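Input: a single structure, listed below in C-alpha cells.
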Amino acid sequence: MNRPLLLGVLLAAGLAPSGANEARAQPAARAVGASPAAPEVADVPGLPPAAGENPRVYANTPDELRPYSRFVQQPYSRFFVDELVHTGPGRSKPDPVLDRVRIGLIAPLESTHEAYLGQDILHGTQLAIADANAEGGWHGKPFELVVRNDLGRWGATANEVIQLAYDEQVRLILGSVDGANTHIAIRVALKVEIPMINTGDLDPTLVETKIPWVFRVVGDDRQAAYTLAFYLYRQLGLSKVAILRANNRYGRFGVAEFIASSVRLQRPAPLEVNYEVSWEQTNSDFAMQLARLRQVEHQALVLWADARPAGRIVRLLRAAGNDVPVYACDRVIHPDFFAEAGAHAEGVVAVSPYDPASQPPGLAELERRYGERFGREPSHYALHAYDGAWLGIAAIRKAGLSWARIRDAIGELAPFQGVTGEIAFDGSLSNRRRMTLATARGGRFVFGEPQAEQRF
Amino acid sequence: MSMAWSIRCAALCTCALLLPGLAARPARAGEQPPVYPYWEEYHVADGLPSDKIMAVAADGPRLWIGTDHGAALLADGRFTVFHRQDGLAHEAVLSLAVDHETGDVWFGTGGGLSRYSAGRWTTFTQLDSGLPNDVVFGVAVEEQNPWVATTAGTGRYRVRDHGWDVYTPANSPQHEPWGYFVDYGGGKVWAALWGGGLLEFDPRKMTWKSYRDPDGEMEIDLFRDDGIIHVITTGVSWSEGSTWVSTYFGLSRYDGHAWRSYMEKDSGLASDFINFVKAKGRVAWICTDKGLSAVDADSERVVTYTPIHGPMEGQRGWEARIYEAGRLVRRQKLARGLANNFLWGVAFTGDDVWVASSAGLSRGSLRPLPPRRPPEKQQPSLQTGSPGPAAAAGAGTGGRR
C-alpha cells in the first residue's frame with residue numbers, strides 16, 4: 001500500500017497516531033519568557049525566535065509535491081529550512097605551518113562504472129588548481145591536489161577521509177560522485193570537522209543529513225525530478241510514464257522523487273524497470289528490459305542511467321522501432337552518450353543542472369582551455385568541479401588554513417559566480433540553481449529546448 | 001457476571017500487563033533530573049593529549065578519554081596518555097567501551113579497533129581481522145563481546161572463539177550497511193544506523209527488529225510520537241526499560257509500547273542536532289551542538305546547560321534552563337560552565353557527569369568540587385592503576401592481529 005493511501009485509510013479509521021491532533025495544537029512552547037509560570041525569565045539573546053512553522057520551503061518544493069500535503073496541513077516538523085551553522089570551536093586556531101596548501105579530492109577514477117565522471121572531475125579540479133597557482137597560490141605557497149580513488153568497497157571512503165585529514169593535512173576535501181560513498185565520507189568529515197565541497201553527487205539525500213561541513217555546488221535529482229514531473233504531466237499532459245534505471249543507489253534515489261511526484265500529481269506510479277550496472281557482462285543487449293517495456297503502455301520513458309548504458313539503450317530502442325520520447329538524467333549530457341547512441345541520440349531530452357545558454361561569465365574561455373588541455377569538451381561534472389575547487393581556494397584565501405574558518409568562508413562567499421552560473425546555498429548548504437531542459441540535436445545538447453514552464 | 005464487572009476486570013488486566021515496569025519502579029527522591037551547579041574543565045594544560053574530546057567512558061571512579069590525538073586515562077586526578085606508538089590503532093579515538101566484567105577497554109578509532117587488556121594492546125583492522133571497516137564510530141560490549149558500528153556493517157567480535165559476525169543488508173534488516181553507533185542494554189544490542197533507523201538484536205534468539213521513521217520522508221517529521229523522528233540516527237542508549245534514540249533532528253524514546261518525540265521547540269532540548277545520548281536510570285543525557293540536556297523519562301522535566309548568550313558565546317557565561325512540560329520555568333546562572341557547547345559524549349562516575357566537547361573535558365557535580373592538584377602528565381606506565389587484574393605487566397606492548 002502506498003504511503004498516502006495508507007495514511008488516508010488510517011485517518012479515515014481514526015487510527016492515526018495520537019500525535020496527529022497534538023501536532024496541530026502544539027503552541028510555540030519554546031517561546032522563552034512567554035510562559036506565565038515563569039515571569040522572571042527574560043528573553044535570551046542569541047536564541048532563535050519562538051518556534052512555529054517556518055514558512056520557508058526546502059529545495060524549491062511546490063506545495064503540491066510536499067509529502068502528505070493533501071492530507072496534513074502542517075507536519076510536526078519541517079527540516080532543512082534554517083541555515084546550518086557550525087556552532088563548535090576551531091575558528092581561533094592558528095594556521096598550521098605548511099610549505100604547500102593541500103586540497104583533497106576523492107573521485108571515482110578507475111575500476112568503476114563512474115570513472116568517466118571522476119576523470120572529468122579530476123580534470124576540472126586540476127585546471128582550477130593550476131589557475132590558482134598561476135595567480136600565486138596562497139601567499140606564495142602552492143596549492144597541491146591530493147587525489148584518492150573512490151573505490152566504493154567496504155567503506156573505503158571513510159578511511160580516505162581520515163587519511164586525507166590526519167596524515168595528508170589537507171585543508172578541505174572535494175568529492176565524490178557515488179551517493180553511498182559520499183554519505184560515508186561526510187560522516188567522517190563531521191567527526192573530523194573538516195570542510196567538504198561536493199561537485200558531482202546529485203543524490204538528494206546527501207544534504208538531507210544536517211551536516212554543517214558539507215556544501216554542494218550542483219543541484220540534485222530532487223530538483224530534476226520536480227522539473228521533469230511538471231513538464232511531462234502538466235505541460236505535456238502525459239499520464240503514463242515508464243522508468244528505466246540503474247539498479248544501484250544512484251538509480252534508486254535518482255528516480256525516487258520522480259515516482260513520488262507522479263503520485264502527488266495524481267498520476268499512476270510509473271512502472272520501474274532496472275538494469276544491472278554490470279550490463280556489459282550480463283545483459284549488453286538489454287533484451288529483458290526492452291521486452292518488459294514493450295509490454296507496458298507508456299507515453300514517455302524516463303531514463304536514469306550512466307552515459308554509455310543510456311546511449312546503448314536509446315540506440316537499441318530506436319533500432320527496434322520504438323520511438324517513445326526519452327527523458328533522461330544529467331549524466332547523458334556527455335560525449336560518451338553520443339558515442340554510444342550515435343544518430344539515435346537525436347531528440348533525447350535531458351535535465352541539466354546548469355544552462356550554458358545563459359552564457360555565465362568565463363564559461364566559453366574555460367571550455368576553450370579545457371578542450372586544449374584535455375582534448376574534449378568539459379561535461380558539467382568538470383565545470384562544477386572547477387567551480388567547487390575555486391570556491392574552496394577562494395575560501396582558503398579569505399580565511400587562512402583553519403578548517404572551521406574555511407568552512408565559514410565557503411558559506412560567506414556565496415553567492416559565488418562560477419563558470420556554471422551563480423552558486424548560492426539553501427538551508428541545507430546545497431546550490432539550488434534551477435534545472436534546465438536540453439535536447440540532443442546533431443550530436444550536441446541544445447540547452448533551453450524545450451522550454452520548461454516550471455523549473456525547480 | 002455482569003458486563004460492567006467484565007469490563008473492569010479486563011481494564012485491570014490490561015493495566016497489569018502494560019504497567020509492570022512502572023509498578024516495580026521505586027519512588028524517586030527530589031526533582032529529576034537535578035541541576036548540576038558545579039562544573040570544572042580539563043584541557044591540554046591539565047595533561048590531556050588534545051582538547052578535542054570525542055568520547056568518554058567510566059570505569060568505576062576512573063575515566064577513559066578518547067581524543068583526536070590519542071587516548072587518556074584519568075585516575076586519582078592524573079592523566080595517563082596513550083598514542084599510536086603505545087599500541088593504539090590510530091590517534092583519533094571516536095568511541096570507547098569498558099567491559100566491566102574483565103576490565104578490558106575497547107577503543108573505536110579512525111584506523112581500527114583496539115583492546116587494552118591487562119596492560120597489553122591488541123589491534124584489529126579490516127585487513128587482519130573481521131572488522132568491517134577501520135573507522136569505528138561506535139563500540140559496545142555484550143557479554144564480553146565487542147560490537148562495532150562501521151560504514152561497512154555492524155560487527156561483533158566473539159572473544160571466546162575469536163570469530164567475527166558482520167551484519168549488513170545481506171543478513172539483517174537494513175538497506176545500507178551504515179552503522180553509526182551501538183549499545184548493549186536490557187539483554188539486547190541496539191544499533192543506530194545512518195539512514196536506517198534503529199535495529200534491535202536479541203543475542204539469545206539471534207533475531208532482529210527494525211524501527212524506522214514511519215512517514216518515510218527525509219524533509220519532514222509528519223506526526224509527533226509516531227516513532228523515530230528521522231532515519232539518520234546518531235546514537236542509542238537503553239536504560240530501565242526506555243530506549244533513547246538520538247538524531248540530528250531531535251530525540252525519541254521508546255518504552256516498548258509507545259514512542260515519544262522531543263525537539264528543541266517543544267521540550268527544551270539544547271538543540272535538535274544531537275551527537276550522542278546516554279541514559280542513566282530514567283534520565284537521558286543529550287550531547288548537542290549547543291549544549292547539554294538531561295531529560296527525565298517520567299516527568300519530562302528537562303535541564304539544559306547552554307551558553308547564556310547563545311552557542312559560541314560560552315566565555316560570556318552559562319546557565320541551566322529548567323523546562324517542565326516543554327515550558328521554561330526557571331533559569332539558573334552557573335558560576336562556571338562547560339568547556340564548550342559542541343558536545344560528543346558523556347559518562348558518569350558516581351553522581352558526577354563527564355562531558356566530552358570539541359574544546360575540552362568538563363565535569364559536573366552536585367556538590368562543590370574540591371581544588372585540583374597541579375597537572376601531572378603521566379606516560380603510559382600505568383602507575384595510576386590498571387584496567388585489568390594484571391595490567392601493569394607489559395604496559396605499552398602493542399600487538400596487531
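Within each chain, counting starts at residue 1; across the C-alpha cells, chains are named A, B, ... in the order shown, with ligands numbered 1 upward in that order.
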Taking only C-alpha atoms into account, which residues of chain B are within 7 Å of chain A, as a PDB file with C-alpha atoms, in the first residue's frame?
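The resulting file, result.pdb, is reproduced below:
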```pdb
ATOM      1  CA  GLY B 110      39.962   6.082  12.845  1.00  0.00           C
ATOM      2  CA  PRO B 132      34.079  -4.459   8.712  1.00  0.00           C
ATOM      3  CA  ASN B 133      35.874  -1.110   8.341  1.00  0.00           C
ATOM      4  CA  ASP B 134      38.721   0.671  10.071  1.00  0.00           C
ATOM      5  CA  VAL B 135      36.698   3.722  11.057  1.00  0.00           C
ATOM      6  CA  THR B 151      30.325   2.203   7.477  1.00  0.00           C
ATOM      7  CA  ALA B 152      30.661  -1.308   6.111  1.00  0.00           C
ATOM      8  CA  MET B 218      13.675  12.961   4.862  1.00  0.00           C
ATOM      9  CA  GLU B 219      12.466  16.562   4.883  1.00  0.00           C
ATOM     10  CA  ILE B 220       9.655  16.344   7.441  1.00  0.00           C
ATOM     11  CA  ASP B 221       8.511  14.536  10.539  1.00  0.00           C
ATOM     12  CA  LEU B 222       4.810  14.062   9.975  1.00  0.00           C
ATOM     13  CA  PHE B 223       3.419  13.338  13.435  1.00  0.00           C
ATOM     14  CA  ARG B 224       4.831  13.673  16.889  1.00  0.00           C
ATOM     15  CA  ASP B 225       5.257  10.468  18.888  1.00  0.00           C
ATOM     16  CA  ASP B 226       4.754   8.149  15.912  1.00  0.00           C
ATOM     17  CA  TYR B 248      20.361  15.337  14.100  1.00  0.00           C
ATOM     18  CA  LYS B 265      10.812  23.667  20.095  1.00  0.00           C
ATOM     19  CA  ASP B 266       8.605  21.659  22.409  1.00  0.00           C
ATOM     20  CA  GLY B 268      13.626  22.398  25.959  1.00  0.00           C
ATOM     21  CA  ASP B 289      25.877  21.241  19.166  1.00  0.00           C
ATOM     22  CA  LYS B 290      24.520  23.898  21.524  1.00  0.00           C
ATOM     23  CA  ILE B 308      23.558  32.339  28.147  1.00  0.00           C
ATOM     24  CA  HIS B 309      24.119  34.385  25.038  1.00  0.00           C
ATOM     25  CA  GLY B 310      23.860  31.558  22.542  1.00  0.00           C
ATOM     26  CA  PRO B 311      26.239  28.978  21.116  1.00  0.00           C
ATOM     27  CA  MET B 312      29.851  30.004  20.604  1.00  0.00           C
ATOM     28  CA  GLY B 326       8.150  21.958  27.414  1.00  0.00           C
ATOM     29  CA  ARG B 327       7.874  25.323  29.175  1.00  0.00           C
ATOM     30  CA  LEU B 328      10.834  27.212  30.521  1.00  0.00           C
ATOM     31  CA  VAL B 329      10.144  27.632  34.225  1.00  0.00           C
ATOM     32  CA  ARG B 330      13.482  28.709  35.623  1.00  0.00           C
ATOM     33  CA  ASN B 341      28.842  23.821  23.683  1.00  0.00           C
ATOM     34  CA  PHE B 342      29.729  21.351  20.890  1.00  0.00           C
ATOM     35  CA  SER B 358      35.359  19.856  20.903  1.00  0.00           C
ATOM     36  CA  ALA B 359      37.318  22.150  23.205  1.00  0.00           C
TER      37      ALA B 359
END
```
Next on the checklist: Neighbouring residues of Asn247 (chain A) were defined as those with any atom within 12 Å, considering only C-alpha atoms; residues of the same chain fewer than 4 positions away were excluded. Please report them as a ChimeraX atom specification.
Outcome noted: /A:243,251-255,272-279,289,303-306
Checklist entry - Can you list every residue in region 159-346 of chain A that DSSP puts in helix (DSSP H, G or I), as a PyMOL selection string? => result chain A and resi 159-167+179-192+204-207+221-235+249-264+279-282+287-294+307-319+330-332+335-345
Checklist entry - Which residues come within 7 Å of His384 (chain A), counting only C-alpha atoms, excluding same-chain residues fewer than 3 positions away, as JSON, numbers by chain? => result {"A": [199, 217, 218, 380, 381, 387, 388, 420]}
Store the residues of this selection in a file with C-alpha atoms, as a short mmCIF file (atom, residue, chain, number, x, y, z; two decimals), in the first residue's frame.
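So selection01.cif came out as:
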```cif
data_model
loop_
_atom_site.label_atom_id
_atom_site.label_comp_id
_atom_site.auth_asym_id
_atom_site.auth_seq_id
_atom_site.Cartn_x
_atom_site.Cartn_y
_atom_site.Cartn_z
CA THR A 199 30.60 18.91 -7.01
CA VAL A 217 27.68 23.39 -5.63
CA VAL A 218 25.44 21.43 -8.01
CA HIS A 380 29.10 19.74 -16.33
CA TYR A 381 30.94 17.46 -13.89
CA ASP A 387 33.75 25.90 -9.66
CA GLY A 388 33.87 23.86 -6.46
CA THR A 420 28.36 27.18 -14.37
#
```
Would you write out, as a tab-separated table, a table of all residues in region 86-178 of chain B that have an atom no more than 10 Å from an atom of region 230-241 of chain B, listing for each the closest atom pair and the distance in Å to one decimal, considering only C-alpha atoms and ordering rows by chain and rising residue number?
```
residue	atom	partner	partner_atom	distance
B:Phe137	CA	B:Thr234	CA	9.8
B:Gly138	CA	B:Gly235	CA	8.7
B:Trp178	CA	B:Ile232	CA	9.9
```
